[in-house]
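Undergrad: The structure is given below, and queries will be raised subsequently.
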Amino acid sequence: MALDPQAKFLLEQMEAAGAPPMSELSPEEARQTTDFSALAGEPEEVGKIENRKIPGLSVEIPVRIYTPKGEGPFPALVYYHGGGWVIGDLDTVDVPCRLLTNLANCVVVSVDYRLAPEHKFPAAADDSYAAAKWVAENAASIGVDPNRIAVGGDSAGGNLAAVVALMARDKGEISLAYQMLIYPVTNHSYATESYTENADGYLLTKDSMVWFWNHYLRTEEDGKNPYASPLQAKNLSGLPPALVLTGEFDPLRDEGEAYAERLKEAGVPVEAKRYDGMIHGFFWMPGVLEQGRKSIEQAADALNRIFQGSVASK
């Protein structure tokens, strides 16, 4: 397929702006200069928004809790933002989280996990699991049904959602209903066709992913840990049903789709869709990309179905 015209226009605008590549910046510079919020569109009203800090393993974790209008208890989505484990925050995904709250009629708990390189692997994974566990254990206090808790995220956040699902299965402390994986990072490897085809020119570059991974991991050996690279987990059985969305012009396309296939082979119900013509990050950009809005609607529809007790395996 050809590059989506809206995505093409966006890339041309970014190129004209002349910003240096992420891989040439320090983490602090990258955090200060990377802001996609203008591409998200206007934030919708939700019933209630609360910023608070919850206990983690060793630190308090900031979260933002979005509650829909109406009477609970509601199902919940614990959401992890993208940004290569190095950049991104609660504001980055504010508009998508509001949309998911309203469209799926669920509480969304957006998690501000610790970032690398100040906090390397497994800090982000530990915080992400601790947040999901806190939601399960404190469900009543935030108007949530503890039997209907999903995890989800985009890019590095999709990685963390997949990892939390693995950790929940392995630890046996909490039960998750669903995992919503938006163009997830699943493997510390750059050997896929999509990395070759989309190495440069489509927003997320191979050089940027090398930069992100190098900041996140303590050692090369960490990259083989399933809690960093869920695709390297030997056993994916017993995991919650999954939605896996990928973009055609995204270096991460193939590893996301490989993870969906591995889940299916392990007997996990999976709904997988590739968004043709799309670049990395489209889920963040419903204000300027029609397919970005559609991806959020698809995710909300999938959540609605699982929360209502049915899931389609495609």
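Residue numbering restarts at 1 in every chain; chains get A, B, ... in the order shown in the structure tokens, and ligands count up from 1 in that same order.
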Skipping near chain neighbours, those fewer than 5 positions away, what residues fall within 8 Å of Gly143 of chain A using only C-alpha atoms, listed as a VMD selection string?
TA: chain A and resid 72 to 74 107
Undergrad: Can you pull out every residue within 6 Å of Glu248 of chain A, counting only C-alpha atoms, but drop anything in the same chain fewer than 2 positions away, and send it as number ranges by chain?
TA: A: 250, 276-278
Undergrad: Which residue out of A:Val144, A:Val108, A:Leu100, A:Val244 has the minimum interatomic distance to Tyr79 of chain A when only C-alpha atoms are used?
TA: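 Closest candidate: A:Val108.
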Undergrad: Just how far from atom CA of Ala124 of chain A is atom CA of Lys171 of chain A, in Å to one decimal?
TA: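 Going from atom CA of Lys171 of chain A over to atom CA of Ala124 of chain A, I get 17.2 Å.
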Undergrad: Please report the interatomic distance between atom CA of Gly238 of chain A and atom CA of Gly56 of chain A in Å with one decimal.
TA: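 Atom-to-atom, atom CA of Gly238 of chain A and atom CA of Gly56 of chain A are spaced 25.5 Å apart.
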Undergrad: Work out how far atom CA of Asp154 of chain A is from atom CA of Pro251 of chain A, in Å to one decimal.
TA: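 According to the coordinates, atom CA of Pro251 of chain A and atom CA of Asp154 of chain A are separated by 13.9 Å.
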Undergrad: Would you kindly return, as a ChimeraX atom specification, each protein, DNA or RNA residue with an atom no farther than 10 Å from any atom of Ala302 of chain A, considering only C-alpha atoms and excluding same-chain residues fewer than 3 positions away?
TA: /A:104,178,180,242-243,271,296-299,305-308,310-312
Undergrad: Give me a file of those residues, with N, CA, C and O atoms, as a compact mmCIF listing (two decimals), in the first residue's frame.
TA:
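Now in again20.txt:
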```
# COMPACT_ATOMS: atom_id res chain seq x y z
N ALA A 104 -15.40 3.35 25.64
CA ALA A 104 -15.49 2.02 26.26
C ALA A 104 -16.23 2.05 27.59
O ALA A 104 -16.41 1.01 28.22
N TYR A 178 -7.88 -8.69 29.74
CA TYR A 178 -7.57 -8.35 28.35
C TYR A 178 -6.23 -7.64 28.29
O TYR A 178 -5.79 -7.01 29.27
N MET A 180 -4.38 -4.92 25.52
CA MET A 180 -4.58 -4.08 24.34
C MET A 180 -3.22 -3.55 23.91
O MET A 180 -2.66 -2.67 24.55
N ALA A 242 -6.20 -10.82 23.50
CA ALA A 242 -5.41 -9.66 23.09
C ALA A 242 -5.96 -8.99 21.84
O ALA A 242 -6.51 -9.65 20.95
N LEU A 243 -5.77 -7.68 21.80
CA LEU A 243 -5.90 -6.90 20.58
C LEU A 243 -4.50 -6.42 20.22
O LEU A 243 -3.79 -5.88 21.07
N GLU A 271 -7.30 -10.61 18.35
CA GLU A 271 -7.81 -9.80 17.25
C GLU A 271 -6.63 -8.95 16.78
O GLU A 271 -6.09 -8.15 17.55
N ILE A 296 -8.48 4.07 17.72
CA ILE A 296 -9.00 4.24 19.08
C ILE A 296 -10.41 3.67 19.17
O ILE A 296 -10.77 3.01 20.16
N GLU A 297 -11.21 3.90 18.14
CA GLU A 297 -12.58 3.34 18.12
C GLU A 297 -12.54 1.82 18.10
O GLU A 297 -13.34 1.16 18.76
N GLN A 298 -11.60 1.24 17.32
CA GLN A 298 -11.48 -0.22 17.30
C GLN A 298 -11.07 -0.76 18.66
O GLN A 298 -11.61 -1.78 19.12
N ALA A 299 -10.13 -0.08 19.30
CA ALA A 299 -9.68 -0.52 20.63
C ALA A 299 -10.83 -0.45 21.64
O ALA A 299 -11.03 -1.37 22.44
N ARG A 305 -16.47 -5.27 24.05
CA ARG A 305 -16.87 -6.68 23.87
C ARG A 305 -16.33 -7.56 24.98
O ARG A 305 -17.04 -8.40 25.52
N ILE A 306 -15.07 -7.35 25.36
CA ILE A 306 -14.50 -8.20 26.41
C ILE A 306 -15.14 -7.87 27.75
O ILE A 306 -15.43 -8.76 28.56
N PHE A 307 -15.40 -6.60 28.01
CA PHE A 307 -16.00 -6.22 29.27
C PHE A 307 -17.44 -6.73 29.37
O PHE A 307 -17.95 -6.96 30.45
N GLN A 308 -18.07 -6.90 28.23
CA GLN A 308 -19.43 -7.45 28.23
C GLN A 308 -19.45 -8.97 28.13
O GLN A 308 -20.50 -9.58 27.96
N SER A 310 -17.66 -11.13 25.96
CA SER A 310 -17.41 -11.89 24.72
C SER A 310 -16.19 -11.33 24.03
O SER A 310 -15.91 -10.13 24.11
N VAL A 311 -15.46 -12.20 23.36
CA VAL A 311 -14.30 -11.76 22.59
C VAL A 311 -14.25 -12.51 21.28
O VAL A 311 -14.49 -13.72 21.23
N ALA A 312 -14.01 -11.80 20.21
CA ALA A 312 -13.93 -12.43 18.89
C ALA A 312 -12.47 -12.79 18.61
O ALA A 312 -11.58 -11.98 18.81
```
Undergrad: Go through segment 107-128 of chain A and flag each residue having an atom no more than 6 Å from segment 214-221 of chain A; for those, report the closest pair of atoms plus their distance in Å to one decimal, using only C-alpha atoms, ordered by chain and rising number, as CSV.
TA:
```
residue,atom,partner,partner_atom,distance
A:Ala116,CA,A:Tyr216,CA,5.2
A:Pro117,CA,A:His215,CA,4.8
A:Lys120,CA,A:Tyr216,CA,4.9
A:Phe121,CA,A:Leu217,CA,5.4
```
Undergrad: List as a ChimeraX atom specification the protein and nucleic acid residues near segment 156-169 of chain A, meaning an atom at most 8 Å away when only C-alpha atoms are counted, but skip any in the same chain fewer than 6 places from it.
TA: /A:79-85,124-125,128-129,132,175-176,179-186,226-230,236,238-240
Undergrad: Can you list every residue in segment 45-210 of chain A that DSSP puts in strand (DSSP E or B), as number ranges by chain?
TA: A: 48-55, 60-67, 74-80, 107-111, 144-154, 178-182
Undergrad: Can those selected residues be exported to a file as a short mmCIF file (atom, residue, chain, number, x, y, z; two decimals), in the first residue's frame so that it contains N, CA and C atoms?
TA:
```cif
data_model
loop_
_atom_site.label_atom_id
_atom_site.label_comp_id
_atom_site.auth_asym_id
_atom_site.auth_seq_id
_atom_site.Cartn_x
_atom_site.Cartn_y
_atom_site.Cartn_z
N LYS A 48 -14.92 12.44 35.46
CA LYS A 48 -14.04 12.93 36.54
C LYS A 48 -12.61 12.56 36.20
N ILE A 49 -11.68 13.43 36.57
CA ILE A 49 -10.25 13.14 36.42
C ILE A 49 -9.57 13.41 37.75
N GLU A 50 -8.76 12.46 38.17
CA GLU A 50 -8.03 12.61 39.44
C GLU A 50 -6.56 12.26 39.24
N ASN A 51 -5.67 13.16 39.63
CA ASN A 51 -4.24 12.87 39.67
C ASN A 51 -3.86 12.46 41.09
N ARG A 52 -3.18 11.35 41.21
CA ARG A 52 -2.76 10.92 42.54
C ARG A 52 -1.49 10.07 42.45
N LYS A 53 -0.94 9.73 43.59
CA LYS A 53 0.23 8.86 43.63
C LYS A 53 -0.15 7.58 44.37
N ILE A 54 0.29 6.46 43.81
CA ILE A 54 -0.02 5.16 44.41
C ILE A 54 1.29 4.47 44.78
N PRO A 55 1.26 3.56 45.75
CA PRO A 55 2.50 2.90 46.16
C PRO A 55 3.00 1.91 45.13
N GLU A 60 6.68 5.90 44.96
CA GLU A 60 5.30 6.21 44.62
C GLU A 60 5.20 6.44 43.11
N ILE A 61 4.08 6.01 42.53
CA ILE A 61 3.89 6.10 41.09
C ILE A 61 2.76 7.08 40.81
N PRO A 62 3.02 8.15 40.05
CA PRO A 62 1.93 9.05 39.68
C PRO A 62 0.98 8.37 38.68
N VAL A 63 -0.30 8.54 38.88
CA VAL A 63 -1.30 8.04 37.94
C VAL A 63 -2.35 9.12 37.71
N ARG A 64 -3.04 9.01 36.59
CA ARG A 64 -4.19 9.87 36.31
C ARG A 64 -5.38 8.97 36.07
N ILE A 65 -6.42 9.15 36.86
CA ILE A 65 -7.58 8.27 36.81
C ILE A 65 -8.74 9.00 36.13
N TYR A 66 -9.17 8.45 35.00
CA TYR A 66 -10.29 8.99 34.24
C TYR A 66 -11.52 8.13 34.51
N THR A 67 -12.60 8.76 34.98
CA THR A 67 -13.83 8.02 35.29
C THR A 67 -14.95 8.53 34.39
N PHE A 74 -17.31 0.38 37.25
CA PHE A 74 -16.98 0.29 35.84
C PHE A 74 -15.86 -0.73 35.62
N PRO A 75 -15.75 -1.26 34.41
CA PRO A 75 -14.52 -1.97 34.08
C PRO A 75 -13.36 -0.97 34.03
N ALA A 76 -12.14 -1.47 33.98
CA ALA A 76 -10.97 -0.58 34.00
C ALA A 76 -9.94 -0.98 32.96
N LEU A 77 -9.27 0.03 32.44
CA LEU A 77 -8.11 -0.16 31.58
C LEU A 77 -6.92 0.54 32.24
N VAL A 78 -5.87 -0.23 32.54
CA VAL A 78 -4.63 0.34 33.05
C VAL A 78 -3.76 0.62 31.84
N TYR A 79 -3.44 1.92 31.62
CA TYR A 79 -2.82 2.32 30.35
C TYR A 79 -1.38 2.81 30.57
N TYR A 80 -0.49 2.35 29.67
CA TYR A 80 0.93 2.72 29.72
C TYR A 80 1.29 3.48 28.45
N VAL A 107 -13.20 3.04 33.44
CA VAL A 107 -12.19 3.84 34.13
C VAL A 107 -10.85 3.57 33.45
N VAL A 108 -10.12 4.62 33.12
CA VAL A 108 -8.77 4.47 32.57
C VAL A 108 -7.78 5.01 33.61
N VAL A 109 -6.84 4.15 33.99
CA VAL A 109 -5.79 4.55 34.92
C VAL A 109 -4.50 4.65 34.13
N SER A 110 -4.09 5.89 33.84
CA SER A 110 -2.88 6.14 33.05
C SER A 110 -1.69 6.22 34.01
N VAL A 111 -0.61 5.50 33.68
CA VAL A 111 0.48 5.26 34.62
C VAL A 111 1.75 6.01 34.19
N VAL A 144 -14.30 0.59 40.43
CA VAL A 144 -13.93 -0.39 39.42
C VAL A 144 -14.37 -1.80 39.82
N ASP A 145 -14.80 -2.56 38.83
CA ASP A 145 -15.12 -3.98 39.00
C ASP A 145 -13.81 -4.77 38.91
N PRO A 146 -13.36 -5.43 39.99
CA PRO A 146 -12.06 -6.10 39.98
C PRO A 146 -11.98 -7.28 39.02
N ASN A 147 -13.13 -7.76 38.55
CA ASN A 147 -13.14 -8.89 37.61
C ASN A 147 -13.04 -8.45 36.16
N ARG A 148 -13.01 -7.13 35.94
CA ARG A 148 -12.95 -6.64 34.54
C ARG A 148 -11.86 -5.57 34.42
N ILE A 149 -10.61 -6.02 34.55
CA ILE A 149 -9.48 -5.12 34.44
C ILE A 149 -8.62 -5.54 33.25
N ALA A 150 -8.38 -4.59 32.36
CA ALA A 150 -7.53 -4.80 31.20
C ALA A 150 -6.27 -3.97 31.34
N VAL A 151 -5.22 -4.36 30.61
CA VAL A 151 -4.03 -3.53 30.48
C VAL A 151 -3.85 -3.18 29.02
N GLY A 152 -3.25 -2.02 28.77
CA GLY A 152 -3.04 -1.61 27.39
C GLY A 152 -1.99 -0.54 27.30
N GLY A 153 -1.49 -0.32 26.09
CA GLY A 153 -0.51 0.73 25.89
C GLY A 153 -0.04 0.75 24.45
N ASP A 154 0.70 1.80 24.13
CA ASP A 154 1.20 1.96 22.77
C ASP A 154 2.72 1.96 22.76
N TYR A 178 -7.88 -8.69 29.74
CA TYR A 178 -7.57 -8.35 28.35
C TYR A 178 -6.23 -7.64 28.29
N GLN A 179 -5.57 -7.71 27.12
CA GLN A 179 -4.36 -6.92 26.87
C GLN A 179 -4.52 -6.23 25.51
N MET A 180 -4.38 -4.92 25.52
CA MET A 180 -4.58 -4.08 24.34
C MET A 180 -3.22 -3.55 23.91
N LEU A 181 -2.66 -4.12 22.84
CA LEU A 181 -1.28 -3.85 22.46
C LEU A 181 -1.25 -3.05 21.16
N ILE A 182 -0.89 -1.77 21.26
CA ILE A 182 -0.87 -0.88 20.11
C ILE A 182 0.57 -0.75 19.62
#
```
Undergrad: Select from segment 58-220 of chain A everything DSSP, run on the backbone, classes as helix (DSSP H, G or I), then give the selection as a PyMOL selection string.
TA: chain A and resi 91-104+123-137+139-142+156-171+193-197+206-216+220
Undergrad: Considering only C-alpha atoms, state which residue in the set A:Arg262, A:Arg253, A:Arg114, A:Lys69 is at the smallest distance from Gly281 of chain A.
TA: A:Arg253
Undergrad: Go through A:Glu261, A:Asp127, A:Glu71, A:Glu45 one by one, measure the shortest atom-to-atom distance of each to Cys97 of chain A using only C-alpha atoms, and give the residue with the smallest value.
TA: A:Glu45
Undergrad: Give me, as an mmCIF file with N, CA and C atoms, in the first residue's frame, all polymer residues having an atom no more than 8 Å from segment 23-31 of chain A, counting only C-alpha atoms and skipping those fewer than 6 positions away in the same chain.
TA:
```
data_model
loop_
_atom_site.group_PDB
_atom_site.id
_atom_site.type_symbol
_atom_site.label_atom_id
_atom_site.label_comp_id
_atom_site.auth_asym_id
_atom_site.auth_seq_id
_atom_site.Cartn_x
_atom_site.Cartn_y
_atom_site.Cartn_z
ATOM 1 N N VAL A 86 11.805 6.166 27.530
ATOM 2 C CA VAL A 86 12.688 7.303 27.810
ATOM 3 C C VAL A 86 11.925 8.623 27.849
ATOM 4 N N ILE A 87 10.957 8.797 26.951
ATOM 5 C CA ILE A 87 10.177 10.036 26.884
ATOM 6 C C ILE A 87 8.703 9.700 27.083
ATOM 7 N N GLY A 88 7.864 10.736 27.082
ATOM 8 C CA GLY A 88 6.423 10.528 27.247
ATOM 9 C C GLY A 88 6.002 10.674 28.694
ATOM 10 N N PRO A 117 17.116 6.862 30.924
ATOM 11 C CA PRO A 117 18.122 5.978 31.532
ATOM 12 C C PRO A 117 18.305 6.178 33.031
ATOM 13 N N ASP A 207 17.446 3.957 14.079
ATOM 14 C CA ASP A 207 18.425 4.595 14.969
ATOM 15 C C ASP A 207 17.789 5.015 16.297
ATOM 16 N N SER A 208 16.552 5.514 16.225
ATOM 17 C CA SER A 208 15.863 5.912 17.460
ATOM 18 C C SER A 208 15.584 4.703 18.345
ATOM 19 N N TRP A 211 18.647 3.700 20.078
ATOM 20 C CA TRP A 211 18.867 4.703 21.142
ATOM 21 C C TRP A 211 17.983 4.398 22.345
#
```
Undergrad: Write out as number ranges by chain each polymer residue whose atoms come within 10 Å of Ala19 of chain A, counting only C-alpha atoms; drop sequence neighbours fewer than 3 positions from it.
TA: A: 14-16, 22, 33-34
Undergrad: For the residues in the current selection, export N, CA, C and O atoms as an mmCIF file, in the first residue's frame.
TA:
```cif
data_model
loop_
_atom_site.group_PDB
_atom_site.id
_atom_site.type_symbol
_atom_site.label_atom_id
_atom_site.label_comp_id
_atom_site.auth_asym_id
_atom_site.auth_seq_id
_atom_site.Cartn_x
_atom_site.Cartn_y
_atom_site.Cartn_z
ATOM 1 N N MET A 14 6.874 17.740 9.361
ATOM 2 C CA MET A 14 7.933 17.495 10.350
ATOM 3 C C MET A 14 9.319 17.675 9.736
ATOM 4 O O MET A 14 10.221 18.247 10.357
ATOM 5 N N GLU A 15 9.474 17.201 8.503
ATOM 6 C CA GLU A 15 10.767 17.347 7.834
ATOM 7 C C GLU A 15 11.079 18.825 7.605
ATOM 8 O O GLU A 15 12.213 19.270 7.793
ATOM 9 N N ALA A 16 10.068 19.585 7.230
ATOM 10 C CA ALA A 16 10.253 21.023 6.986
ATOM 11 C C ALA A 16 10.650 21.760 8.268
ATOM 12 O O ALA A 16 11.367 22.767 8.230
ATOM 13 N N MET A 22 16.078 12.096 16.908
ATOM 14 C CA MET A 22 16.046 11.740 18.326
ATOM 15 C C MET A 22 17.368 11.126 18.773
ATOM 16 O O MET A 22 17.865 11.410 19.871
ATOM 17 N N THR A 33 11.805 18.489 23.618
ATOM 18 C CA THR A 33 11.504 18.875 22.235
ATOM 19 C C THR A 33 10.471 17.983 21.562
ATOM 20 O O THR A 33 10.047 18.291 20.452
ATOM 21 N N THR A 34 10.084 16.898 22.200
ATOM 22 C CA THR A 34 9.133 15.975 21.570
ATOM 23 C C THR A 34 7.761 16.149 22.194
ATOM 24 O O THR A 34 7.549 15.807 23.355
#
```
Undergrad: Which is closer to Asn105 of chain A than all the others in A:Leu90, A:Val135, A:Asp4, A:Gly47, using only C-alpha atoms?
TA: A:Gly47
